[in-house]
>>> print(open('query_8.txt').read())   # compact mmCIF, C-alpha atoms and all ligand atoms
# COMPACT_ATOMS: atom_id res chain seq x y z
CA MET T 1 -83.67 4.22 52.72
CA LYS T 2 -82.63 7.74 51.73
CA ILE T 3 -79.98 9.84 53.43
CA GLU T 4 -82.02 12.99 52.84
CA ASN T 5 -83.94 13.96 56.00
CA ALA T 6 -82.53 11.01 57.98
CA ARG T 7 -80.95 11.19 61.45
CA LEU T 8 -77.56 9.57 61.02
CA LEU T 9 -74.72 8.34 63.20
CA VAL T 10 -71.10 8.13 62.03
CA CYS T 11 -69.02 5.87 64.31
CA GLY T 12 -65.30 6.60 64.05
CA GLY T 13 -66.08 10.02 62.55
CA GLY T 14 -62.97 11.57 64.09
CA GLY T 15 -61.01 9.39 61.69
CA PHE T 16 -60.08 9.80 58.04
CA ILE T 17 -63.00 8.31 56.09
CA GLY T 18 -65.63 9.13 58.73
CA GLY T 19 -64.59 12.80 58.79
CA HIS T 20 -65.07 13.10 55.04
CA LEU T 21 -68.29 11.08 55.14
CA VAL T 22 -69.92 13.60 57.49
CA ASN T 23 -69.47 16.32 54.82
CA THR T 24 -71.10 14.07 52.22
CA LEU T 25 -74.06 13.30 54.50
CA PHE T 26 -74.73 16.99 55.15
CA ALA T 27 -74.37 17.72 51.42
CA LYS T 28 -76.98 15.03 50.68
CA GLY T 29 -79.48 16.65 53.06
CA ALA T 30 -79.26 14.54 56.23
CA ALA T 31 -81.61 15.93 58.91
CA SER T 32 -78.89 15.56 61.55
CA VAL T 33 -75.55 13.86 61.96
CA ARG T 34 -74.13 12.55 65.24
CA VAL T 35 -70.40 11.85 65.17
CA VAL T 36 -68.68 9.62 67.71
CA ASP T 37 -65.03 8.75 68.21
CA ILE T 38 -62.86 7.56 71.10
CA LYS T 39 -60.15 10.18 70.44
CA PRO T 40 -60.24 13.56 72.18
CA PHE T 41 -61.64 16.30 69.91
CA GLU T 42 -58.24 17.89 69.30
CA GLU T 43 -57.10 14.68 67.57
CA TRP T 44 -60.06 14.43 65.17
CA HIS T 45 -59.05 14.93 61.55
CA GLN T 46 -62.21 17.01 61.01
CA LYS T 47 -64.79 18.34 63.47
CA HIS T 48 -68.01 19.63 61.96
CA SER T 49 -69.70 22.38 63.94
CA ALA T 50 -73.15 21.44 62.56
CA ALA T 51 -72.86 17.88 63.92
CA ASP T 52 -73.59 16.47 67.38
CA ASN T 53 -70.00 15.49 68.27
CA ARG T 54 -69.31 13.07 71.12
CA VAL T 55 -66.24 11.37 72.55
CA LEU T 56 -67.23 7.81 73.46
CA ASP T 57 -65.53 4.41 73.60
CA LEU T 58 -67.67 2.26 71.33
CA GLN T 59 -66.15 -0.96 72.62
CA LEU T 60 -68.47 -0.39 75.59
CA ARG T 61 -72.08 -1.43 75.23
CA GLU T 62 -73.52 1.56 77.11
CA SER T 63 -71.65 3.99 74.83
CA CYS T 64 -73.15 2.28 71.80
CA VAL T 65 -76.63 2.55 73.31
CA GLU T 66 -76.09 6.29 73.87
CA ALA T 67 -74.73 6.76 70.34
CA ALA T 68 -77.57 4.88 68.59
CA GLU T 69 -80.45 6.48 70.47
CA GLY T 70 -82.85 8.30 68.13
CA MET T 71 -80.94 7.40 64.95
CA ASP T 72 -82.48 6.23 61.65
CA GLY T 73 -79.19 5.07 60.14
CA VAL T 74 -75.72 4.08 61.34
CA PHE T 75 -72.36 4.14 59.53
CA GLN T 76 -70.03 1.89 61.54
CA LEU T 77 -66.47 2.88 60.65
CA ALA T 78 -64.87 2.81 64.11
CA ALA T 79 -61.96 0.36 64.26
CA ASP T 80 -58.54 0.13 65.83
CA MET T 81 -56.52 0.03 62.63
CA GLY T 82 -53.67 1.34 60.53
CA GLY T 83 -51.38 0.41 57.65
CA MET T 84 -49.51 -2.91 57.32
CA GLY T 85 -46.99 -1.95 60.01
CA PHE T 86 -49.79 -1.59 62.55
CA ILE T 87 -51.96 -4.51 61.43
CA GLU T 88 -49.14 -7.08 61.38
CA ASN T 89 -47.86 -6.09 64.83
CA ASN T 90 -51.19 -5.53 66.64
CA LYS T 91 -53.41 -8.49 65.79
CA ALA T 92 -55.11 -8.66 69.20
CA LEU T 93 -55.95 -4.94 69.16
CA CYS T 94 -57.39 -5.33 65.66
CA MET T 95 -59.52 -8.28 66.77
CA LEU T 96 -60.88 -6.32 69.73
CA SER T 97 -62.83 -4.19 67.23
CA VAL T 98 -65.25 -7.11 67.39
CA LEU T 99 -66.52 -5.52 70.62
CA THR T 100 -67.37 -2.30 68.78
CA ASN T 101 -69.11 -4.14 65.94
CA THR T 102 -71.05 -6.44 68.27
CA HIS T 103 -72.19 -3.71 70.63
CA MET T 104 -73.07 -1.30 67.81
CA LEU T 105 -75.21 -3.93 66.07
CA MET T 106 -76.97 -4.77 69.34
CA ALA T 107 -77.53 -1.08 70.15
CA ALA T 108 -78.80 -0.33 66.63
CA ARG T 109 -81.30 -3.15 66.88
CA LYS T 110 -82.46 -1.97 70.31
CA ALA T 111 -82.86 1.63 69.09
CA GLY T 112 -84.92 0.54 66.07
CA VAL T 113 -82.35 1.80 63.56
CA GLN T 114 -83.57 1.22 60.00
CA ARG T 115 -80.23 0.77 58.27
CA PHE T 116 -76.69 -0.14 59.33
CA PHE T 117 -73.63 0.31 57.10
CA TYR T 118 -70.48 -1.64 57.96
CA SER T 119 -67.01 -0.81 56.60
CA SER T 120 -65.29 -4.10 55.84
CA SER T 121 -62.00 -4.47 54.01
CA ALA T 122 -60.21 -6.17 51.13
CA CYS T 123 -58.22 -7.86 53.94
CA VAL T 124 -61.09 -10.41 54.17
CA TYR T 125 -60.02 -12.00 50.89
CA ASN T 126 -58.45 -15.44 50.81
CA ALA T 127 -54.67 -15.06 51.04
CA ASP T 128 -54.11 -17.87 48.50
CA LYS T 129 -55.56 -15.59 45.79
CA GLN T 130 -53.02 -12.83 46.56
CA LYS T 131 -49.69 -14.63 46.35
CA MET T 132 -48.65 -13.35 42.91
CA HIS T 133 -47.69 -9.84 41.82
CA GLU T 134 -49.64 -10.34 38.57
CA VAL T 135 -53.04 -10.53 40.22
CA VAL T 136 -56.44 -11.58 39.06
CA ALA T 137 -58.71 -8.89 40.54
CA LEU T 138 -60.68 -10.08 43.56
CA LYS T 139 -64.35 -10.83 43.11
CA GLU T 140 -66.76 -10.82 46.02
CA GLU T 141 -66.95 -14.64 46.15
CA ASP T 142 -63.16 -14.88 46.63
CA ALA T 143 -63.57 -14.28 50.37
CA TYR T 144 -64.49 -17.95 50.77
CA PRO T 145 -63.21 -20.46 51.75
CA GLY T 146 -62.10 -18.13 54.55
CA MET T 147 -58.36 -17.50 54.86
CA PRO T 148 -58.17 -13.74 55.41
CA GLU T 149 -55.38 -11.49 56.68
CA ASP T 150 -54.52 -12.72 60.19
CA GLY T 151 -56.06 -10.65 63.02
CA TYR T 152 -57.57 -7.62 61.26
CA GLY T 153 -59.01 -9.58 58.31
CA TRP T 154 -60.50 -12.37 60.44
CA GLU T 155 -62.28 -9.79 62.59
CA LYS T 156 -63.68 -8.04 59.50
CA LEU T 157 -64.90 -11.32 58.01
CA PHE T 158 -66.54 -12.33 61.27
CA SER T 159 -68.26 -8.93 61.63
CA GLU T 160 -69.51 -9.15 58.03
CA ARG T 161 -71.18 -12.44 58.97
CA MET T 162 -72.66 -10.85 62.07
CA CYS T 163 -74.20 -8.12 59.88
CA ARG T 164 -75.72 -10.81 57.65
CA HIS T 165 -77.26 -12.67 60.58
CA PHE T 166 -78.60 -9.54 62.28
CA ARG T 167 -80.37 -8.84 58.98
CA GLU T 168 -81.66 -12.38 58.46
CA ASP T 169 -82.64 -13.14 62.07
CA PHE T 170 -83.49 -9.71 63.54
CA GLY T 171 -84.54 -7.70 60.46
CA LEU T 172 -81.84 -5.01 60.90
CA GLU T 173 -81.13 -3.84 57.34
CA THR T 174 -77.35 -4.12 57.03
CA ARG T 175 -75.15 -3.04 54.11
CA VAL T 176 -71.47 -4.04 53.84
CA ALA T 177 -68.71 -2.57 51.67
CA ARG T 178 -65.21 -4.01 51.35
CA PHE T 179 -62.93 -0.99 51.05
CA HIS T 180 -59.68 -1.35 49.08
CA ASN T 181 -56.93 1.10 50.21
CA VAL T 182 -58.42 4.56 50.60
CA TYR T 183 -56.19 7.65 50.52
CA GLY T 184 -56.37 11.44 50.42
CA PRO T 185 -55.97 14.56 52.55
CA LEU T 186 -57.12 14.86 56.18
CA GLY T 187 -56.01 11.39 57.23
CA THR T 188 -53.16 9.80 59.16
CA TRP T 189 -49.82 10.62 57.50
CA ASN T 190 -47.28 9.91 60.27
CA GLY T 191 -46.95 8.15 63.64
CA GLY T 192 -47.02 4.48 62.50
CA ARG T 193 -50.67 3.96 61.50
CA GLU T 194 -50.41 5.63 58.08
CA LYS T 195 -50.98 3.61 54.92
CA ALA T 196 -48.73 3.34 51.86
CA PRO T 197 -49.85 6.44 49.86
CA ALA T 198 -49.48 8.75 52.87
CA ALA T 199 -46.25 7.09 54.06
CA ILE T 200 -44.64 7.29 50.62
CA SER T 201 -45.78 10.89 50.12
CA ARG T 202 -44.30 11.88 53.48
CA LYS T 203 -41.01 10.07 52.89
CA VAL T 204 -40.59 11.65 49.46
CA LEU T 205 -41.32 15.11 50.87
CA GLU T 206 -38.97 14.58 53.83
CA ALA T 207 -36.22 13.57 51.42
CA LYS T 208 -36.89 16.62 49.27
CA HIS T 209 -36.77 19.06 52.17
CA SER T 210 -33.88 17.46 54.07
CA GLY T 211 -31.69 17.19 50.98
CA LEU T 212 -30.97 13.52 51.85
CA HIS T 213 -32.16 12.04 48.57
CA GLU T 214 -32.90 8.48 49.72
CA ILE T 215 -36.10 6.57 50.51
CA GLU T 216 -36.79 3.34 52.40
CA ILE T 217 -39.38 1.14 50.74
CA TRP T 218 -41.05 -1.75 52.56
CA GLY T 219 -40.66 -4.96 50.56
CA ASP T 220 -39.14 -5.22 47.09
CA GLY T 221 -41.43 -2.59 45.55
CA HIS T 222 -43.00 -5.12 43.19
CA GLN T 223 -46.12 -5.61 45.35
CA THR T 224 -49.22 -4.53 43.40
CA ARG T 225 -52.17 -2.60 44.82
CA SER T 226 -54.99 -0.26 43.86
CA PHE T 227 -55.79 2.96 45.72
CA MET T 228 -59.15 4.77 45.91
CA TYR T 229 -59.36 8.52 46.41
CA ILE T 230 -61.48 9.56 49.39
CA ASP T 231 -64.17 11.41 47.37
CA ASP T 232 -64.88 8.28 45.33
CA CYS T 233 -65.07 6.33 48.59
CA THR T 234 -67.66 8.56 50.31
CA LYS T 235 -69.80 8.61 47.15
CA GLY T 236 -69.64 4.78 47.07
CA ILE T 237 -70.53 4.50 50.77
CA THR T 238 -73.69 6.59 50.41
CA ASP T 239 -74.69 4.79 47.19
CA ILE T 240 -74.31 1.40 48.89
CA PHE T 241 -76.12 2.60 52.03
CA GLU T 242 -79.15 3.69 49.97
CA SER T 243 -79.11 0.57 47.75
CA ASP T 244 -80.80 -2.82 48.01
CA ILE T 245 -77.47 -4.68 47.86
CA LEU T 246 -77.54 -7.25 50.65
CA GLU T 247 -74.21 -9.02 50.11
CA PRO T 248 -70.78 -7.49 50.86
CA ILE T 249 -69.54 -5.59 47.83
CA ASN T 250 -66.14 -4.27 46.68
CA LEU T 251 -65.55 -0.53 46.95
CA GLY T 252 -62.16 0.26 45.47
CA SER T 253 -60.18 1.37 42.47
CA SER T 254 -59.10 -1.11 39.82
CA GLU T 255 -56.16 1.04 38.65
CA LEU T 256 -53.38 -1.40 39.55
CA VAL T 257 -49.86 -0.12 40.31
CA THR T 258 -46.71 -1.52 41.87
CA ILE T 259 -45.36 0.20 44.97
CA ASN T 260 -42.39 1.25 42.79
CA GLN T 261 -44.81 2.97 40.41
CA LEU T 262 -46.48 4.74 43.33
CA VAL T 263 -43.05 6.01 44.40
CA ASP T 264 -42.32 7.11 40.79
CA MET T 265 -45.54 9.10 40.88
CA ALA T 266 -44.77 10.77 44.22
CA GLU T 267 -41.22 11.59 43.08
CA ASP T 268 -42.51 13.07 39.85
CA ILE T 269 -45.04 15.27 41.68
CA ALA T 270 -42.37 16.44 44.16
CA GLY T 271 -39.90 16.99 41.29
CA ILE T 272 -37.08 14.77 42.63
CA LYS T 273 -35.48 11.37 42.07
CA LEU T 274 -34.40 9.33 45.09
CA LYS T 275 -32.07 6.42 45.77
CA ARG T 276 -34.28 3.50 46.84
CA ASN T 277 -33.39 1.27 49.79
CA TYR T 278 -35.58 -1.82 49.96
CA ASN T 279 -36.29 -3.14 53.44
CA LEU T 280 -37.15 -6.77 52.79
CA SER T 281 -37.89 -7.57 56.44
CA ALA T 282 -40.48 -4.80 56.90
CA PRO T 283 -44.22 -5.64 56.85
CA LYS T 284 -45.38 -5.61 53.25
CA GLY T 285 -48.73 -7.44 53.18
CA VAL T 286 -49.81 -9.70 50.32
CA ASN T 287 -47.89 -9.70 47.03
CA GLY T 288 -50.76 -8.52 44.87
CA ARG T 289 -54.31 -7.23 45.31
CA ASN T 290 -56.81 -5.52 43.05
CA SER T 291 -60.53 -4.86 43.14
CA ASP T 292 -62.85 -6.47 40.59
CA ASN T 293 -65.54 -3.82 40.11
CA THR T 294 -67.86 -5.76 37.81
CA LEU T 295 -70.59 -6.05 40.44
CA ILE T 296 -70.63 -2.46 41.72
CA GLU T 297 -70.54 -1.11 38.16
CA LYS T 298 -73.45 -3.34 37.19
CA LEU T 299 -75.60 -2.71 40.27
CA LEU T 300 -74.85 0.95 41.01
CA GLY T 301 -73.05 2.30 37.95
CA TRP T 302 -70.31 3.32 40.39
CA GLU T 303 -66.74 3.65 39.16
CA PRO T 304 -63.83 5.66 40.50
CA SER T 305 -63.63 9.11 38.91
CA ILE T 306 -60.27 10.30 40.26
CA ARG T 307 -57.05 8.99 38.70
CA LEU T 308 -54.29 7.98 41.11
CA ARG T 309 -51.92 10.65 39.79
CA ASP T 310 -54.52 13.42 40.45
CA GLY T 311 -55.37 12.14 43.92
CA MET T 312 -51.69 11.81 44.82
CA GLU T 313 -51.09 15.44 43.83
CA LYS T 314 -53.76 16.57 46.30
CA THR T 315 -52.43 14.23 48.98
CA LEU T 316 -48.81 15.37 48.67
CA ALA T 317 -49.87 19.02 48.70
CA TRP T 318 -51.84 18.50 51.91
CA ILE T 319 -49.08 16.49 53.65
CA GLU T 320 -46.52 19.15 52.74
CA GLN T 321 -48.75 21.77 54.37
CA GLN T 322 -49.02 19.62 57.52
CA MET T 323 -45.25 19.18 57.73
CA PHE T 324 -44.71 22.93 57.73
CA ALA T 325 -47.75 23.68 59.92
CA GLY T 326 -46.12 21.43 62.56
CA GLU T 327 -42.83 23.31 62.27
CA ALA T 328 -44.52 26.72 62.43
CA SER T 329 -46.32 25.82 65.68
CA ARG T 330 -43.16 24.56 67.44
P1 LIG J 1 -59.15 5.84 60.97
O1 LIG J 1 -58.25 5.13 61.91
O2 LIG J 1 -58.74 7.17 60.46
O3 LIG J 1 -60.61 5.96 61.60
C1 LIG J 1 -61.15 5.03 62.50
C2 LIG J 1 -61.60 5.80 63.72
O4 LIG J 1 -62.21 4.90 64.65
C3 LIG J 1 -60.45 6.48 64.46
O5 LIG J 1 -60.63 7.89 64.51
C4 LIG J 1 -60.48 5.86 65.83
O6 LIG J 1 -60.14 6.76 66.88
C5 LIG J 1 -61.92 5.38 65.92
N1 LIG J 1 -62.07 4.35 66.94
C6 LIG J 1 -61.26 3.28 67.17
N2 LIG J 1 -61.70 2.59 68.23
C7 LIG J 1 -62.81 3.23 68.68
C8 LIG J 1 -63.68 3.02 69.78
N3 LIG J 1 -63.50 1.98 70.63
N4 LIG J 1 -64.70 3.86 69.97
C9 LIG J 1 -64.88 4.94 69.13
N5 LIG J 1 -64.07 5.19 68.09
C10 LIG J 1 -63.05 4.35 67.86
O7 LIG J 1 -59.40 4.82 59.75
P2 LIG J 1 -60.14 5.04 58.37
O8 LIG J 1 -59.13 4.92 57.31
O9 LIG J 1 -61.01 6.24 58.42
O10 LIG J 1 -61.05 3.72 58.33
C11 LIG J 1 -62.42 3.71 58.64
C12 LIG J 1 -62.96 2.29 58.50
O11 LIG J 1 -62.71 1.80 57.18
C13 LIG J 1 -62.32 1.29 59.46
O12 LIG J 1 -63.30 0.40 59.92
C14 LIG J 1 -61.32 0.56 58.59
O13 LIG J 1 -61.07 -0.73 59.06
C15 LIG J 1 -62.04 0.56 57.26
N6 LIG J 1 -61.11 0.42 56.13
C16 LIG J 1 -60.27 1.45 55.81
C17 LIG J 1 -59.39 1.32 54.74
C18 LIG J 1 -58.45 2.43 54.34
O14 LIG J 1 -57.72 2.27 53.37
N7 LIG J 1 -58.43 3.56 55.02
C19 LIG J 1 -59.36 0.11 54.02
C20 LIG J 1 -60.22 -0.91 54.38
C21 LIG J 1 -61.09 -0.75 55.43
>>> encode(input="query_8.txt", output="structure tokens")
Amino acid sequence: MKIENARLLVCGGGGFIGGHLVNTLFAKGAASVRVVDIKPFEEWHQKHSAADNRVLDLQLRESCVEAAEGMDGVFQLAADMGGMGFIENNKALCMLSVLTNTHMLMAARKAGVQRFFYSSSACVYNADKQKMHEVVALKEEDAYPGMPEDGYGWEKLFSERMCRHFREDFGLETRVARFHNVYGPLGTWNGGREKAPAAISRKVLEAKHSGLHEIEIWGDGHQTRSFMYIDDCTKGITDIFESDILEPINLGSSELVTINQLVDMAEDIAGIKLKRNYNLSAPKGVNGRNSDNTLIEKLLGWEPSIRLRDGMEKTLAWIEQQMFAGEASR
């Protein structure tokens, strides 16, 4: 199915990835885009005037029915989520996203939607494969036997399976991508739900502007991760949506860095050097995680085009603007 000329729904479009995705869908010639989020409009990261914007709670079945009506395709990105600090301390809230996924799949089927994209996560991967800092990149089959991140990861793995069975039993064409850490401007950068690139950028900038040249780092800084810039992510989402790929597939960068290296990068961009205080009791997630992109490169020719250093420059610049925009409006 093509995005061009299609009537499309973005669930969770007031959020970071959804907000950027709406731009991509319009750029690719979507006939119309409906955007739904539970947050009031003033809290949306982006609000597109050309879209049909609605505030609805998609945990409720009737809201999902309203959202799906008349749609050809659905992008299901709505989830109660955040960085490690949020996920580790709010497992029940994370698992309640199962209501959104269940009701959206049921509503999509009822509305005769042709294609349903689901945003899964690298948190579905078996924890035993992520104990070492020196990681072997995760291949799609490493999700089984199932031992995902507690709470958030279990819900994602379950909802992936639900997508599979709605396709096999009910003929709803589902596509599933496992996102690995996405970052960039116009996302959450403070308040407790932000992820590592935004949190580190903010902390480095706060240190620079306050003159207190210290930074708190969660864990020992040796944890390894990869980070995908938002533009690569939205391109990957639309490629996967339009593809014939039936099994969940990795969508992430394979440029592996330690958290210390990410801090080095942010410091270098901001032009400062900070004293590092390691908080070993803070949530830090698995020791090491990277995306094996063999499959997506083979099937779609997709690979990330934006180096971490370049994406971090854009992210820091945007967060710095936000910090001062907040001050100016006080
Ligand atoms: P986000 O928090 O910015 O966006 C999610 C949006 O869903 C939010 O705006 C939120 O208000 C909305 N939402 C939550 N509950 C809702 C409800 N009941 N009804 C309607 N809307 C609701 O997060 P994001 O980074 O844009 O992530 C989008 C999707 O990608 C999520 O499903 C997330 O689990 C997945 N994902 C993201 C990352 C990442 O690094 N950002 C990594 C892996 C997976």
>>> atom_distance(input="query_8.txt", atom1="atom CA of T:Gly285", atom2="atom CA of T:Leu157")
17.3 Å
>>> residues_near_point(input="query_8.txt", point="(-65.8, 11.1, 65.1)", cutoff="8 Å", atoms="all atoms listed in the file", output="compact mmCIF listing (two decimals) with C-alpha atoms, in the frame of the given file")
# COMPACT_ATOMS: atom_id res chain seq x y z
CA VAL T 10 -71.10 8.13 62.03
CA CYS T 11 -69.02 5.87 64.31
CA GLY T 12 -65.30 6.60 64.05
CA GLY T 13 -66.08 10.02 62.55
CA GLY T 14 -62.97 11.57 64.09
CA GLY T 15 -61.01 9.39 61.69
CA GLY T 18 -65.63 9.13 58.73
CA GLY T 19 -64.59 12.80 58.79
CA VAL T 35 -70.40 11.85 65.17
CA VAL T 36 -68.68 9.62 67.71
CA ASP T 37 -65.03 8.75 68.21
CA ILE T 38 -62.86 7.56 71.10
CA LYS T 39 -60.15 10.18 70.44
CA TRP T 44 -60.06 14.43 65.17
CA LYS T 47 -64.79 18.34 63.47
CA ASN T 53 -70.00 15.49 68.27
CA ARG T 54 -69.31 13.07 71.12
CA VAL T 55 -66.24 11.37 72.55
>>> closest_residue(input="query_8.txt", among="T:Val22, T:Ile87, T:Leu186, T:Ala177", to="T:Ser121", atoms="all atoms listed in the file")
T:Ala177
>>> closest_residue(input="query_8.txt", among="T:Lys298, T:Lys273, T:Arg34, T:Lys129", to="T:Pro148", atoms="all atoms listed in the file")
T:Lys129
>>> atom_distance(input="query_8.txt", atom1="atom CA of T:Pro248", atom2="atom CA of T:Gly236")
12.9 Å
>>> residues_around(input="query_8.txt", residues="T:Glu255", least_positions_apart="4", cutoff="12 Å", atoms="all atoms listed in the file", output="list in words")
Ala137, His180, Asn181, Thr224, Arg225, Ser226, Phe227, Met228, Tyr229, Gln261, Leu262, Arg289, Asn290, Ser291, Asp292, Asn293, Glu303, Pro304, Ser305, Ile306, Arg307, Leu308 and Arg309 of chain T
>>> closest_residue(input="query_8.txt", among="T:Ile17, T:Ala127, T:Leu256, T:Leu280", to="ligand LIG 1 (chain J)", atoms="only C-alpha atoms and all ligand atoms")
T:Ile17
>>> atom_distance(input="query_8.txt", atom1="atom CA of T:Arg164", atom2="atom CA of T:Lys91")
23.9 Å
>>> residues_around(input="query_8.txt", residues="T:Ser97", least_positions_apart="2", cutoff="8 Å", atoms="all atoms listed in the file", output="PyMOL selection string")
chain T and resi 59+78-80+93-95+99-101+155
>>> closest_residue(input="query_8.txt", among="T:Asp239, T:Leu138, T:Lys195, T:Met265", to="T:Glu313", atoms="only C-alpha atoms")
T:Met265
>>> closest_residue(input="query_8.txt", among="T:Pro145, T:Gly219, T:Gly85, T:Pro40", to="ligand LIG 1 (chain J)", atoms="only C-alpha atoms and all ligand atoms")
T:Pro40
>>> residues_near_point(input="query_8.txt", point="(-46.9, -13.0, 43.3)", cutoff="10 Å", atoms="all atoms listed in the file", output="ChimeraX atom specification")
/T:129-135,222-224,286-289
>>> axis_aligned_box(input="query_8.txt", around="ligand LIG 1 (chain J)", padding_each_side="8 Å", output="lines of an AutoDock Vina configuration file")
center_x = -61.3
center_y = 3.5
center_z = 62.0
size_x = 23.2
size_y = 24.8
size_z = 33.3
>>> closest_residue(input="query_8.txt", among="T:Thr234, T:Asn5, T:Ser32, T:Ser49", to="ligand LIG 1 (chain J)", atoms="only C-alpha atoms and all ligand atoms")
T:Thr234
>>> residues_around(input="query_8.txt", residues="T:Val33", least_positions_apart="2", cutoff="6 Å", atoms="all atoms listed in the file", output="list in words")
Leu8, Leu9 and Ala51 of chain T
>>> residues_around(input="query_8.txt", residues="T:Asn260", least_positions_apart="3", cutoff="7 Å", atoms="all atoms listed in the file", output="ChimeraX atom specification")
/T:221-222,263-264
>>> write_last_selection(input="query_8.txt", atoms="C-alpha atoms", output="mmCIF file, keeping the file's coordinate frame")
data_model
loop_
_atom_site.group_PDB
_atom_site.id
_atom_site.type_symbol
_atom_site.label_atom_id
_atom_site.label_comp_id
_atom_site.auth_asym_id
_atom_site.auth_seq_id
_atom_site.Cartn_x
_atom_site.Cartn_y
_atom_site.Cartn_z
ATOM 1 C CA GLY T 221 -41.430 -2.590 45.550
ATOM 2 C CA HIS T 222 -43.000 -5.120 43.190
ATOM 3 C CA VAL T 263 -43.050 6.010 44.400
ATOM 4 C CA ASP T 264 -42.320 7.110 40.790
#
>>> residues_around(input="query_8.txt", residues="T:Glu267", least_positions_apart="5", cutoff="12 Å", atoms="only C-alpha atoms", output="ChimeraX atom specification")
/T:200-208,213-215,260-262,272-276,309,312-313,316
>>> build_atoms(input="query_8.txt", residues="stretch 297-302 of chain T", atoms="all heavy atoms", output="tab-separated table (two decimals), in the frame of the given file")
chain	number	residue	atom	x	y	z
T	297	GLU	N	-70.22	-1.85	39.39
T	297	GLU	CA	-70.54	-1.11	38.16
T	297	GLU	C	-71.91	-1.53	37.64
T	297	GLU	O	-72.71	-0.69	37.22
T	297	GLU	CB	-69.47	-1.37	37.09
T	297	GLU	CG	-68.23	-0.48	37.29
T	297	GLU	CD	-67.11	-0.78	36.30
T	297	GLU	OE1	-67.40	-1.23	35.17
T	297	GLU	OE2	-65.95	-0.59	36.69
T	298	LYS	N	-72.17	-2.83	37.71
T	298	LYS	CA	-73.45	-3.34	37.19
T	298	LYS	C	-74.62	-2.87	38.08
T	298	LYS	O	-75.64	-2.40	37.57
T	298	LYS	CB	-73.38	-4.88	37.18
T	298	LYS	CG	-74.62	-5.54	36.65
T	298	LYS	CD	-74.38	-7.04	36.46
T	298	LYS	CE	-75.72	-7.76	36.61
T	298	LYS	NZ	-75.66	-8.96	37.38
T	299	LEU	N	-74.45	-2.98	39.39
T	299	LEU	CA	-75.60	-2.71	40.27
T	299	LEU	C	-75.80	-1.23	40.56
T	299	LEU	O	-76.93	-0.79	40.77
T	299	LEU	CB	-75.43	-3.47	41.60
T	299	LEU	CG	-75.39	-4.99	41.49
T	299	LEU	CD1	-75.20	-5.63	42.86
T	299	LEU	CD2	-76.69	-5.51	40.85
T	300	LEU	N	-74.72	-0.46	40.61
T	300	LEU	CA	-74.85	0.95	41.01
T	300	LEU	C	-74.33	1.93	39.96
T	300	LEU	O	-74.48	3.13	40.13
T	300	LEU	CB	-74.07	1.20	42.32
T	300	LEU	CG	-74.62	0.55	43.59
T	300	LEU	CD1	-73.70	0.83	44.76
T	300	LEU	CD2	-76.02	1.07	43.90
T	301	GLY	N	-73.66	1.40	38.94
T	301	GLY	CA	-73.05	2.30	37.95
T	301	GLY	C	-71.92	3.10	38.57
T	301	GLY	O	-71.50	4.12	38.03
T	302	TRP	N	-71.39	2.60	39.72
T	302	TRP	CA	-70.31	3.32	40.39
T	302	TRP	C	-68.96	2.94	39.79
T	302	TRP	O	-68.69	1.76	39.58
T	302	TRP	CB	-70.29	2.99	41.89
T	302	TRP	CG	-69.20	3.68	42.67
T	302	TRP	CD1	-69.30	4.87	43.34
T	302	TRP	CD2	-67.84	3.23	42.86
T	302	TRP	NE1	-68.10	5.18	43.93
T	302	TRP	CE2	-67.19	4.21	43.65
T	302	TRP	CE3	-67.11	2.12	42.42
T	302	TRP	CZ2	-65.85	4.09	44.03
T	302	TRP	CZ3	-65.78	2.01	42.79
T	302	TRP	CH2	-65.16	2.99	43.59
